[in-house]
Amino acid sequence: MRLTSRRKTFFVYLSACILLNACSSATPENNVKVDKTSVTVEKNLDGLMAHFTQSDLQVGEKTEKYYGILAAENGFGVSINGIDVEVYQFNTSIGSGQKALDAIIKEGLMGSPVYKNGDLILVENKSHPKWNEILSSFQSY
């Protein structure tokens, strides 16, 4: 399919709007209004790491975690200001992903409570000296 110049311009504009929304604080619904059309921007772990960085948290190395055991779509430990915290993402568009997320929210993870934001969870680590800032940033993403 050949794209006309107008269509190319529209797709470039739409892509730029989506990228800018992902990198900035957006409305609670994470929607961008474009020509009276609403485009939903998916929250994901890479976007969360960028948001942590924008919140003046020092995001460092990621540590692989066995997120598949939790029926999560993705997950890892990440060094924030030198101490690891764990984050996971679930595919809530499928029944098993939603059930796994609901169970972890109810039961916690390895004895620790978790915090939910969309299909993302953050495992509580109150011993982290920046925990309040991390939690605040996670909740505002």
# chains A, B, ... in the order shown; residues from 1 in each chain; ligands from 1
>>> residues_around(residues="range 50-59 of chain A", least_positions_apart="4", cutoff="6 Å", atoms="only C-alpha atoms", output="PyMOL selection string")
chain A and resi 79-81
>>> write_last_selection(atoms="C-alpha atoms", output="short mmCIF file (atom, residue, chain, number, x, y, z; two decimals), in the first residue's frame")
data_model
loop_
_atom_site.label_atom_id
_atom_site.label_comp_id
_atom_site.auth_asym_id
_atom_site.auth_seq_id
_atom_site.Cartn_x
_atom_site.Cartn_y
_atom_site.Cartn_z
CA SER A 79 18.28 -0.67 40.93
CA ILE A 80 16.84 2.66 42.04
CA ASN A 81 19.30 4.83 43.91
#
>>> atom_distance(atom1="CA of Gly68 in chain A", atom2="CA of Glu42 in chain A")
20.5 Å
>>> atom_distance(atom1="CA of Lys130 in chain A", atom2="CA of Leu48 in chain A")
16.2 Å
>>> residues_around(residues="range 114-129 of chain A", least_positions_apart="3", cutoff="10 Å", atoms="only C-alpha atoms", output="PyMOL selection string")
chain A and resi 42-45+48+72-75+77+80-93+97-98+101-102+104-111+132-135+138-141
>>> atom_distance(atom1="CA of Phe76 in chain A", atom2="CA of Gly60 in chain A")
12.0 Å
